[in-house]
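Here is structure-v7.cif, consisting of mmCIF, C-alpha atoms:
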data_final
#
loop_
_atom_site.label_atom_id
_atom_site.label_comp_id
_atom_site.auth_asym_id
_atom_site.auth_seq_id
_atom_site.Cartn_x
_atom_site.Cartn_y
_atom_site.Cartn_z
CA MET A 391 13.90 -17.50 8.64
CA LYS A 392 16.18 -16.01 11.26
CA PRO A 393 14.90 -13.37 13.70
CA GLY A 394 15.53 -9.70 13.05
CA ASN A 395 19.08 -8.48 13.55
CA GLY A 396 18.41 -4.91 14.65
CA ASN A 397 18.71 -3.48 11.15
CA GLY A 398 15.04 -2.64 10.83
CA THR A 399 13.58 -6.13 10.31
CA PRO A 400 10.82 -7.04 12.82
CA LYS A 401 11.48 -10.14 14.93
CA ASN A 402 7.86 -11.26 15.19
CA PHE A 403 4.30 -10.30 14.34
CA ASP A 404 3.88 -8.13 17.44
CA GLU A 405 6.95 -6.08 16.61
CA LEU A 406 5.80 -5.75 13.00
CA ILE A 407 2.50 -4.10 13.88
CA GLU A 408 3.81 -1.96 16.72
CA ARG A 409 5.88 0.15 14.34
CA ALA A 410 4.56 2.77 11.98
CA THR A 411 3.88 1.68 8.41
CA PRO A 412 6.97 2.93 6.50
CA TRP A 413 5.21 3.47 3.18
CA LEU A 414 2.88 5.94 4.93
CA SER A 415 5.68 7.94 6.55
CA GLY A 416 4.59 11.17 4.85
CA GLU A 417 8.07 11.51 3.40
CA GLY A 418 9.55 11.22 -0.06
CA PRO A 419 9.20 13.31 -3.23
CA GLN A 420 5.82 14.98 -3.79
CA ALA A 421 4.61 13.77 -0.38
CA GLY A 422 1.90 16.45 -0.32
CA MET A 423 0.13 14.70 -3.20
CA VAL A 424 1.65 11.20 -3.39
CA LEU A 425 1.33 8.86 -0.44
CA SER A 426 3.26 5.89 -1.78
CA THR A 427 4.75 4.00 -4.71
CA ARG A 428 4.59 0.24 -5.18
CA MET A 429 6.22 -2.24 -7.54
CA ARG A 430 4.79 -5.76 -7.73
CA LEU A 431 6.24 -8.61 -9.75
CA ALA A 432 4.30 -11.84 -10.38
CA ARG A 433 6.35 -15.02 -10.77
CA ASN A 434 5.65 -18.76 -10.88
CA LEU A 435 7.89 -21.79 -10.54
CA GLN A 436 8.54 -23.98 -13.54
CA SER A 437 6.93 -27.47 -13.50
CA VAL A 438 4.55 -26.61 -10.62
CA PRO A 439 0.83 -26.05 -11.33
CA PHE A 440 -0.49 -22.54 -10.76
CA THR A 441 -1.69 -21.92 -7.23
CA HIS A 442 -5.39 -22.48 -7.92
CA ARG A 443 -4.66 -25.90 -9.46
CA ALA A 444 -1.83 -27.08 -7.22
CA ARG A 445 -2.31 -29.55 -4.39
CA ASP A 446 -1.50 -28.44 -0.86
CA GLU A 447 1.65 -30.56 -0.76
CA GLN A 448 2.85 -28.83 -3.95
CA LEU A 449 2.15 -25.42 -2.45
CA GLN A 450 4.05 -26.46 0.66
CA GLY A 451 6.98 -27.33 -1.59
CA VAL A 452 6.76 -23.89 -3.24
CA LEU A 453 6.76 -22.25 0.18
CA MET A 454 9.85 -24.14 1.27
CA SER A 455 11.69 -23.47 -1.99
CA VAL A 456 10.97 -19.76 -1.96
CA VAL A 457 11.96 -19.34 1.68
CA ALA A 458 15.22 -21.24 1.07
CA ALA A 459 16.00 -18.99 -1.92
CA ALA A 460 15.14 -15.86 0.03
CA GLU A 461 17.54 -16.81 2.81
CA ARG A 462 20.37 -16.42 0.28
CA ALA A 463 19.01 -13.16 -1.17
CA PRO A 464 20.53 -10.02 0.46
CA GLY A 465 17.23 -8.17 0.20
CA PHE A 466 15.48 -10.74 2.40
CA GLN A 467 18.23 -11.81 4.78
CA ASN A 468 16.90 -12.14 8.33
CA GLY A 469 13.41 -11.50 7.01
CA LEU A 470 10.27 -12.29 9.00
CA LEU A 471 8.29 -15.28 7.71
CA LEU A 472 4.61 -15.48 8.60
CA LYS A 473 2.68 -18.59 7.52
CA MET A 474 -0.97 -17.75 7.02
CA ASN A 475 -2.25 -20.98 8.57
CA ASP A 476 -0.15 -20.36 11.68
CA ILE A 477 -1.71 -16.99 12.54
CA GLY A 478 -5.29 -16.05 13.35
CA THR A 479 -7.94 -14.36 11.25
CA LEU A 480 -7.41 -11.03 13.01
CA GLU A 481 -3.66 -11.10 12.39
CA ARG A 482 -4.20 -11.89 8.71
CA GLN A 483 -6.64 -8.99 8.38
CA ILE A 484 -4.08 -6.66 9.96
CA LEU A 485 -1.63 -7.63 7.23
CA VAL A 486 -4.29 -6.82 4.63
CA GLU A 487 -4.89 -3.41 6.22
CA ARG A 488 -1.17 -2.69 6.11
CA HIS A 489 -1.12 -3.59 2.38
CA LEU A 490 1.39 -6.37 3.04
CA VAL A 491 -0.91 -9.12 1.78
CA SER A 492 -3.99 -9.31 -0.43
CA HIS A 493 -7.40 -10.54 0.70
CA GLU A 494 -6.70 -13.75 -1.21
CA LEU A 495 -3.44 -14.41 0.59
CA GLY A 496 -5.18 -13.64 3.89
CA ASP A 497 -7.10 -16.90 3.47
CA GLY A 498 -5.39 -19.19 5.95
CA THR A 499 -6.80 -22.48 4.65
CA ARG A 500 -3.88 -23.29 2.34
CA PRO A 501 -0.05 -23.21 2.60
CA ARG A 502 0.54 -19.51 2.06
CA GLY A 503 3.04 -17.09 3.55
CA LEU A 504 4.41 -13.60 3.79
CA LEU A 505 8.11 -12.81 3.94
CA ALA A 506 8.71 -9.26 5.15
CA GLY A 507 12.10 -7.61 4.72
CA ALA A 508 13.51 -4.64 6.57
CA ASP A 509 11.05 -1.78 7.20
CA GLU A 510 8.32 -3.56 5.20
CA ARG A 511 9.64 -1.87 2.07
CA LEU A 512 10.36 -5.22 0.48
CA SER A 513 8.01 -8.16 0.93
CA LEU A 514 7.08 -11.41 -0.73
CA MET A 515 3.63 -12.99 -0.90
CA ILE A 516 3.93 -16.74 -1.42
CA ASN A 517 1.17 -18.82 -3.03
CA GLU A 518 -1.25 -16.01 -3.67
CA GLU A 519 -2.74 -15.95 -7.21
CA ASP A 520 0.81 -16.69 -8.37
CA HIS A 521 3.52 -18.59 -6.55
CA LEU A 522 5.39 -15.37 -5.83
CA ARG A 523 4.27 -11.76 -5.61
CA LEU A 524 7.33 -9.61 -4.95
CA GLN A 525 6.51 -6.14 -3.61
CA ALA A 526 8.68 -3.06 -3.14
CA MET A 527 6.99 -0.07 -1.50
CA ALA A 528 8.25 3.43 -0.78
CA PRO A 529 6.76 6.67 0.55
CA GLY A 530 6.13 9.48 -1.91
CA PHE A 531 6.72 9.43 -5.66
CA GLN A 532 9.64 7.04 -6.18
CA LEU A 533 9.03 4.88 -9.23
CA ALA A 534 12.65 4.54 -10.34
CA GLU A 535 13.90 3.87 -6.81
CA SER A 536 11.18 1.29 -6.11
CA TRP A 537 11.87 -0.47 -9.40
CA ALA A 538 15.57 -0.70 -8.60
CA VAL A 539 14.77 -2.43 -5.29
CA ALA A 540 12.25 -4.83 -6.85
CA ASP A 541 14.48 -5.63 -9.85
CA ALA A 542 17.48 -6.40 -7.64
CA ALA A 543 15.42 -8.70 -5.40
CA ASP A 544 13.95 -10.42 -8.46
CA ASP A 545 17.44 -11.08 -9.82
CA GLU A 546 18.54 -12.49 -6.45
CA LEU A 547 15.62 -14.92 -6.32
CA ASP A 548 16.08 -15.87 -9.97
CA GLU A 549 19.53 -17.22 -9.16
CA ALA A 550 18.02 -19.92 -6.93
CA LEU A 551 14.56 -20.47 -8.46
CA ASP A 552 13.50 -21.70 -11.88
CA PHE A 553 10.79 -19.25 -12.94
CA ALA A 554 8.19 -20.22 -15.55
CA PHE A 555 9.24 -18.25 -18.61
CA SER A 556 8.54 -18.37 -22.33
CA ASP A 557 10.77 -16.74 -24.95
CA GLU A 558 7.62 -15.82 -26.85
CA THR A 559 5.40 -14.62 -23.98
CA GLY A 560 7.71 -13.73 -21.12
CA TYR A 561 6.89 -14.66 -17.52
CA LEU A 562 3.91 -17.01 -17.29
CA THR A 563 1.23 -16.05 -14.78
CA SER A 564 -2.07 -17.41 -13.50
CA CYS A 565 -3.99 -14.47 -14.93
CA PRO A 566 -3.24 -13.64 -18.61
CA THR A 567 -3.36 -9.91 -17.84
CA ASN A 568 -0.12 -10.28 -15.85
CA ALA A 569 1.81 -12.34 -18.40
CA GLY A 570 4.90 -10.84 -19.98
CA THR A 571 6.76 -8.69 -17.50
CA GLY A 572 4.48 -9.61 -14.58
CA LEU A 573 4.89 -5.99 -13.44
CA ARG A 574 2.26 -3.87 -11.72
CA ALA A 575 3.64 -0.44 -10.89
CA SER A 576 1.28 1.81 -8.95
CA VAL A 577 1.21 5.23 -7.32
CA LEU A 578 -1.27 6.23 -4.58
CA VAL A 579 -2.17 9.88 -5.16
CA HIS A 580 -4.30 12.37 -3.24
CA LEU A 581 -6.39 14.54 -5.59
CA PRO A 582 -8.88 16.54 -3.47
CA ALA A 583 -8.74 19.73 -5.54
CA LEU A 584 -9.59 17.94 -8.79
CA VAL A 585 -12.53 16.30 -7.00
CA LEU A 586 -13.78 19.52 -5.41
CA MET A 587 -13.42 21.41 -8.69
CA ASP A 588 -15.36 18.62 -10.46
CA GLU A 589 -12.47 17.99 -12.84
CA ILE A 590 -11.72 14.42 -11.77
CA PRO A 591 -14.08 12.69 -14.28
CA LYS A 592 -12.13 14.17 -17.19
CA VAL A 593 -8.83 13.17 -15.60
CA LEU A 594 -9.97 9.59 -14.95
CA LYS A 595 -11.24 9.28 -18.52
CA GLY A 596 -7.87 10.43 -19.80
CA ILE A 597 -6.09 7.89 -17.61
CA SER A 598 -8.12 5.00 -19.00
CA GLN A 599 -7.56 6.18 -22.57
CA VAL A 600 -3.78 5.88 -22.20
CA GLY A 601 -4.00 2.31 -20.90
CA LEU A 602 -3.69 2.84 -17.16
CA ASN A 603 -5.91 1.57 -14.33
CA VAL A 604 -7.46 3.57 -11.50
CA ARG A 605 -8.45 1.87 -8.25
CA GLY A 606 -9.16 2.75 -4.63
CA LEU A 607 -6.97 2.68 -1.53
CA TYR A 608 -7.05 -1.12 -1.28
CA GLY A 609 -6.48 -1.87 -4.94
CA GLU A 610 -8.59 -4.03 -7.20
CA HIS A 611 -12.34 -3.93 -6.53
CA SER A 612 -11.96 -1.34 -3.76
CA GLU A 613 -13.86 1.92 -3.87
CA VAL A 614 -12.29 5.36 -3.90
CA MET A 615 -12.36 7.05 -0.48
CA GLY A 616 -10.68 10.15 0.84
CA ASN A 617 -9.88 11.38 -2.67
CA LEU A 618 -7.19 8.68 -2.86
CA PHE A 619 -6.60 7.10 -6.26
CA GLN A 620 -4.25 4.22 -7.04
CA ILE A 621 -2.96 4.60 -10.59
CA SER A 622 -1.16 1.66 -12.21
CA ASN A 623 -0.04 0.24 -15.52
CA GLN A 624 -2.41 -2.13 -17.27
CA THR A 625 -0.33 -3.71 -20.04
CA THR A 626 2.34 -6.29 -19.21
CA LEU A 627 2.57 -8.20 -22.48
CA GLY A 628 4.69 -6.86 -25.33
CA VAL A 629 6.01 -3.86 -23.38
CA SER A 630 9.18 -3.58 -21.31
CA GLU A 631 9.31 -2.75 -17.61
CA ARG A 632 11.15 0.47 -18.40
CA ASP A 633 8.49 1.61 -20.89
CA SER A 634 5.66 0.78 -18.46
CA ILE A 635 7.29 2.72 -15.65
CA GLU A 636 8.20 5.70 -17.82
CA SER A 637 4.65 5.89 -19.19
CA LEU A 638 3.16 5.74 -15.69
CA GLU A 639 5.57 8.39 -14.41
CA ARG A 640 4.79 10.72 -17.29
CA VAL A 641 1.03 10.47 -16.79
CA VAL A 642 1.21 10.81 -13.00
CA ARG A 643 3.36 13.92 -13.30
CA GLN A 644 0.76 15.45 -15.62
CA ILE A 645 -1.99 14.62 -13.11
CA LEU A 646 -0.01 16.18 -10.27
CA GLU A 647 0.42 19.33 -12.32
CA HIS A 648 -3.36 19.46 -12.86
CA GLU A 649 -3.92 18.97 -9.13
CA GLU A 650 -1.43 21.70 -8.27
CA ARG A 651 -3.13 24.18 -10.59
CA ALA A 652 -6.56 23.22 -9.23
CA ARG A 653 -5.32 23.87 -5.68
CA GLU A 654 -4.04 27.28 -6.71
CA ARG A 655 -7.36 28.24 -8.31
CA MET A 656 -9.28 26.90 -5.37
CA MET A 657 -7.30 28.95 -2.85
CA ARG A 658 -7.54 32.03 -5.05
CA ASP A 659 -11.30 31.83 -5.54
CA ALA A 660 -12.55 30.08 -2.38
CA ARG A 661 -9.89 30.38 0.33
CA VAL A 662 -12.32 30.93 3.20
CA GLN A 663 -14.49 27.97 2.21
CA ILE A 664 -11.47 25.67 1.90
CA GLU A 665 -10.01 26.77 5.22
CA ASP A 666 -13.41 26.27 6.84
CA LYS A 667 -13.65 22.76 5.38
CA VAL A 668 -10.16 21.87 6.62
CA TRP A 669 -10.67 23.18 10.16
CA ARG A 670 -14.11 21.60 10.49
CA ALA A 671 -12.56 18.27 9.52
CA TYR A 672 -9.70 18.71 11.98
CA GLY A 673 -12.11 19.70 14.74
CA THR A 674 -14.23 16.62 14.17
CA LEU A 675 -11.20 14.35 14.32
CA ARG A 676 -9.81 16.13 17.38
CA TYR A 677 -12.99 15.95 19.46
CA CYS A 678 -15.12 13.11 18.05
CA ARG A 679 -16.54 10.48 20.40
CA SER A 680 -17.73 7.95 17.80
CA ILE A 681 -16.58 7.72 14.20
CA GLN A 682 -16.57 5.22 11.33
CA ALA A 683 -13.47 4.21 9.38
CA ARG A 684 -14.78 5.73 6.15
CA GLU A 685 -15.36 9.07 7.86
CA VAL A 686 -11.82 9.09 9.25
CA ILE A 687 -10.41 8.57 5.75
CA ASN A 688 -12.55 11.37 4.30
CA LEU A 689 -11.76 13.81 7.10
CA CYS A 690 -8.05 13.01 6.93
CA SER A 691 -8.23 13.91 3.24
CA ALA A 692 -9.36 17.44 4.09
CA VAL A 693 -6.69 17.85 6.76
CA ARG A 694 -3.99 16.49 4.42
CA LEU A 695 -5.03 19.15 1.92
CA GLY A 696 -4.68 21.84 4.57
CA VAL A 697 -1.21 20.62 5.56
CA ALA A 698 -0.11 20.54 1.92
CA LEU A 699 -1.42 24.09 1.44
CA GLY A 700 0.72 25.29 4.34
CA MET A 701 -2.01 25.91 6.90
CA SER A 702 -0.32 26.08 10.31
CA GLY A 703 -1.54 24.37 13.48
CA LEU A 704 -2.53 21.08 11.84
CA CYS A 705 -1.00 17.66 12.42
CA PRO A 706 1.91 16.64 10.18
CA LEU A 707 1.39 14.35 7.21
CA PRO A 708 2.85 11.22 8.88
CA VAL A 709 0.15 11.37 11.55
CA MET A 710 -2.66 11.83 9.06
CA SER A 711 -1.30 9.04 6.85
CA GLY A 712 -0.87 6.69 9.80
CA LEU A 713 -4.52 7.08 10.77
CA LEU A 714 -5.51 5.46 7.47
CA VAL A 715 -4.15 2.17 8.82
CA LEU A 716 -4.35 2.52 12.60
CA THR A 717 -8.10 3.12 12.57
CA GLN A 718 -9.00 0.08 10.48
CA PRO A 719 -11.09 -2.63 12.25
CA ALA A 720 -8.45 -5.31 12.75
CA HIS A 721 -5.85 -2.87 14.06
CA LEU A 722 -8.36 -1.42 16.51
CA GLN A 723 -9.27 -4.84 17.89
CA ARG A 724 -5.63 -5.77 18.23
CA TYR A 725 -4.95 -2.62 20.25
CA ALA A 726 -8.08 -3.17 22.35
CA GLY A 727 -7.09 -6.78 23.04
CA ARG A 728 -10.56 -8.12 22.32
CA GLU A 729 -13.22 -8.44 19.65
CA LEU A 730 -15.29 -5.28 19.28
CA THR A 731 -18.76 -4.79 17.87
CA PRO A 732 -19.08 -2.18 15.09
CA ALA A 733 -20.49 0.34 17.59
CA GLU A 734 -17.66 -0.35 20.04
CA ARG A 735 -15.13 0.04 17.23
CA ASN A 736 -16.54 3.46 16.38
CA VAL A 737 -16.11 4.62 19.98
CA TYR A 738 -12.63 3.15 20.34
CA ARG A 739 -11.63 4.50 16.94
CA ALA A 740 -12.57 8.01 18.06
CA GLN A 741 -10.50 7.56 21.21
CA ARG A 742 -7.48 6.42 19.22
CA VAL A 743 -7.82 9.35 16.80
CA ARG A 744 -8.01 11.84 19.67
CA GLU A 745 -4.96 10.29 21.32
CA GLN A 746 -2.92 10.38 18.12
CA LEU A 747 -3.75 14.02 17.41
CA ALA A 748 -3.17 15.09 21.01
CA ALA A 749 0.23 13.36 21.03
CA ALA A 750 1.15 15.06 17.77
CA GLY A 751 0.18 18.43 19.28
CA ARG A 752 2.37 17.83 22.31
CA ASP A 753 5.31 16.85 20.11
CA ALA A 754 4.85 20.07 18.10
CA ASP A 755 4.88 22.18 21.29
CA SER A 756 7.96 20.51 22.76
#
What would the structure in this file look like if it were written as structure tokens?
Amino acid sequence: MKPGNGNGTPKNFDELIERATPWLSGEGPQAGMVLSTRMRLARNLQSVPFTHRARDEQLQGVLMSVVAAAERAPGFQNGLLLKMNDIGTLERQILVERHLVSHELGDGTRPRGLLAGADERLSLMINEEDHLRLQAMAPGFQLAESWAVADAADDELDEALDFAFSDETGYLTSCPTNAGTGLRASVLVHLPALVLMDEIPKVLKGISQVGLNVRGLYGEHSEVMGNLFQISNQTTLGVSERDSIESLERVVRQILEHEERARERMMRDARVQIEDKVWRAYGTLRYCRSIQAREVINLCSAVRLGVALGMSGLCPLPVMSGLLVLTQPAHLQRYAGRELTPAERNVYRAQRVREQLAAAGRDADS
């Protein structure tokens, strides 16, 4: 692919990771409770075995075909192509931490790649579980907007690629649970009040009963940390994209209403305790000398709650959101310029957190 043209597309890997992660900008609708929205479409090429059965030379052909098609797609023009077997283990893990690739794609032993469009809001995983995994990400609660971006990019690629499709089933995928539309729409929500009020079990049960999935910050098989829940559609066969998205939006809006009411009750009945929890968390982040990644995520959750409740003197949401990525192990080692032991990472992580919060304080005073 061609290098970036100054319109927001990174020119190389270094430039990609030096910029803030756009989907964690702290902006967008309902930003106080919704961190991000993602649309993912699974596609495979006709007459090519699924990734797990294809030979490396076939996967190399898929990679070349997809890149050639993307060069003619407006959504990916001048995009940044990263081949997984051309970059190191640390670089691949950084892409995982930024949610640009999955752990499976981060395996650099086979012909796999990532094509990142402008501002990382549109990206394409090549030769993951399926030949293509198209992703559109946006900050805040933007299901309709994210779908419009993903749908347009899908149409552009469809003009140049022959996708595996059945009139009876829909799009054919490696995993049967993705067949049909191939769509996974998800919303990353922050629900601290429902957790603190011990109402989250009932909410999660209700989510599963209406056919939706709940996962952690890093998706499938990841645990819930920092009161962050990734809610997504589960059914892709026999249901349209529009119906899936509308159902997800309806349920998420109901959950946000429950969270809002829980926050109101919490502040009415236990304001001092909540303010104490928030300021203790902020103080720990501001002055810590050694801290683990999990603790950063949990403390940032408390501070995010304080910001959303209008408590003055705290760091803005973009800073708190950015720490979720910047303090992960691979990012830390990249910034440090060397491999760090777990203990060294904890010390360096604390330093980075202090620097970020101090810089945010200076910006607020200027």
Name the residues that the PyMOL selection byres ((chain A and resi 713) around 12) picks from the file above, as a CSV table (one decimal) with C-alpha atoms, in the coordinates of the input, using the file's chain letters and numbers.
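Resulting contents of expr_4.csv:
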chain,number,residue,atom,x,y,z
A,410,ALA,CA,4.6,2.8,12.0
A,411,THR,CA,3.9,1.7,8.4
A,414,LEU,CA,2.9,5.9,4.9
A,415,SER,CA,5.7,7.9,6.6
A,416,GLY,CA,4.6,11.2,4.8
A,487,GLU,CA,-4.9,-3.4,6.2
A,488,ARG,CA,-1.2,-2.7,6.1
A,675,LEU,CA,-11.2,14.4,14.3
A,683,ALA,CA,-13.5,4.2,9.4
A,684,ARG,CA,-14.8,5.7,6.2
A,685,GLU,CA,-15.4,9.1,7.9
A,686,VAL,CA,-11.8,9.1,9.2
A,687,ILE,CA,-10.4,8.6,5.8
A,688,ASN,CA,-12.6,11.4,4.3
A,689,LEU,CA,-11.8,13.8,7.1
A,690,CYS,CA,-8.0,13.0,6.9
A,691,SER,CA,-8.2,13.9,3.2
A,693,VAL,CA,-6.7,17.8,6.8
A,694,ARG,CA,-4.0,16.5,4.4
A,705,CYS,CA,-1.0,17.7,12.4
A,706,PRO,CA,1.9,16.6,10.2
A,707,LEU,CA,1.4,14.4,7.2
A,708,PRO,CA,2.8,11.2,8.9
A,709,VAL,CA,0.2,11.4,11.6
A,710,MET,CA,-2.7,11.8,9.1
A,711,SER,CA,-1.3,9.0,6.8
A,712,GLY,CA,-0.9,6.7,9.8
A,714,LEU,CA,-5.5,5.5,7.5
A,715,VAL,CA,-4.2,2.2,8.8
A,716,LEU,CA,-4.4,2.5,12.6
A,717,THR,CA,-8.1,3.1,12.6
A,718,GLN,CA,-9.0,0.1,10.5
A,719,PRO,CA,-11.1,-2.6,12.2
A,721,HIS,CA,-5.8,-2.9,14.1
A,722,LEU,CA,-8.4,-1.4,16.5
A,739,ARG,CA,-11.6,4.5,16.9
A,740,ALA,CA,-12.6,8.0,18.1
A,742,ARG,CA,-7.5,6.4,19.2
A,743,VAL,CA,-7.8,9.4,16.8
A,744,ARG,CA,-8.0,11.8,19.7
A,745,GLU,CA,-5.0,10.3,21.3
A,746,GLN,CA,-2.9,10.4,18.1
A,747,LEU,CA,-3.8,14.0,17.4
### Task
Please write as a VMD selection string the full residue list that the PyMOL selection byres ((chain A and resi 423-440) around 6) yields on this file.
chain A and resid 413 420 to 422 441 to 444 520 to 532 552 to 554 572 to 580
### Two-atom distance - CA of Thr571 in chain A, CA of Ala463 in chain A (Å)
20.9 Å
### Task
Determine the nearest neighbour of Ser598 in chain A from the options A:Val697, A:Val585, A:Leu627, A:Ile621, counting all atoms listed in the file.
A:Ile621
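CA of Leu512 in chain A lies 18.1 Å from CA of Met474 in chain A.
The space between CA of Thr625 in chain A and CA of Ala569 in chain A spans 9.0 Å.
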#### Entry: Distance query Gly628 in chain A at most 9 Å, only C-alpha atoms, self and fewer than 2 positions along chain excluded, as JSON, numbers by chain
{"A": [559, 560, 570, 571, 625, 626, 630]}
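Here the question is which of A:Ile477, A:Ile597, A:Leu505, A:Val539 gets nearest to Val457 in chain A using only C-alpha atoms, and that residue is A:Leu505.
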### Which residue of A:Ser513, A:Asn736, A:Thr567, A:Ser622 approaches Asp544 in chain A most closely, using all atoms listed in the file
A:Ser513
### Message
Please list as a ChimeraX atom specification every residue within 12 Å of Arg640 in chain A, counting all atoms listed in the file and excluding residues in the same chain fewer than 4 positions away.
### Response
/A:531,533,577,597,600,602,621-623,633-636,644-647
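Residue selection for this entry, given the PyMOL selection byres ((chain A and resi 404) around 12), comprises Pro400, Lys401, Asn402, Phe403, Glu405, Leu406, Ile407, Glu408, Arg409, Leu470, Leu472, Ile477, Glu481, Ile484, Leu485, His721, Arg724 and Tyr725 of chain A.
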### Message
Nearest residue to Leu514 in chain A out of A:Ala534, A:Leu584, A:Ala459, A:Cys565, using all atoms listed in the file?
### Response
A:Ala459
Please report, as a Markdown table, each residue of range 570-616 of chain A lying at most 9 Å from range 650-669 of chain A, together with the nearest pair of atoms and the separation in Å rounded to one decimal; use all atoms listed in the file, and order rows by chain and ascending residue number.
| residue | atom | partner | partner_atom | distance |
| --- | --- | --- | --- | --- |
| A:Pro582 | CA | A:Arg653 | CA | 8.4 |
| A:Ala583 | CA | A:Arg653 | CA | 5.4 |
| A:Leu584 | CA | A:Ala652 | CA | 6.1 |
| A:Leu586 | CA | A:Met656 | CA | 8.6 |
| A:Met587 | CA | A:Ala652 | CA | 7.1 |
| A:Glu589 | CA | A:Ala652 | CA | 8.7 |
Taking all listed atoms of range 501-518 of chain A, build the axis-aligned box, pad each of the six sides by 8 Å, then write its centre and edge lengths in Å to one decimal as AutoDock Vina command-line options.
--center_x 6.1 --center_y -12.5 --center_z 1.8 --size_x 30.8 --size_y 37.4 --size_z 26.9
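With distances taken over all atoms listed in the file, A:Val456 is the one residue among A:Val456, A:Ala749, A:Leu504, A:Ala720 lying closest to Asp548 in chain A.
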### Protein/DNA/RNA residues near (-17.8, 1.3, 15.6), cut 6 Å, all atoms listed in the file, as a ChimeraX atom specification
/A:682,732-737
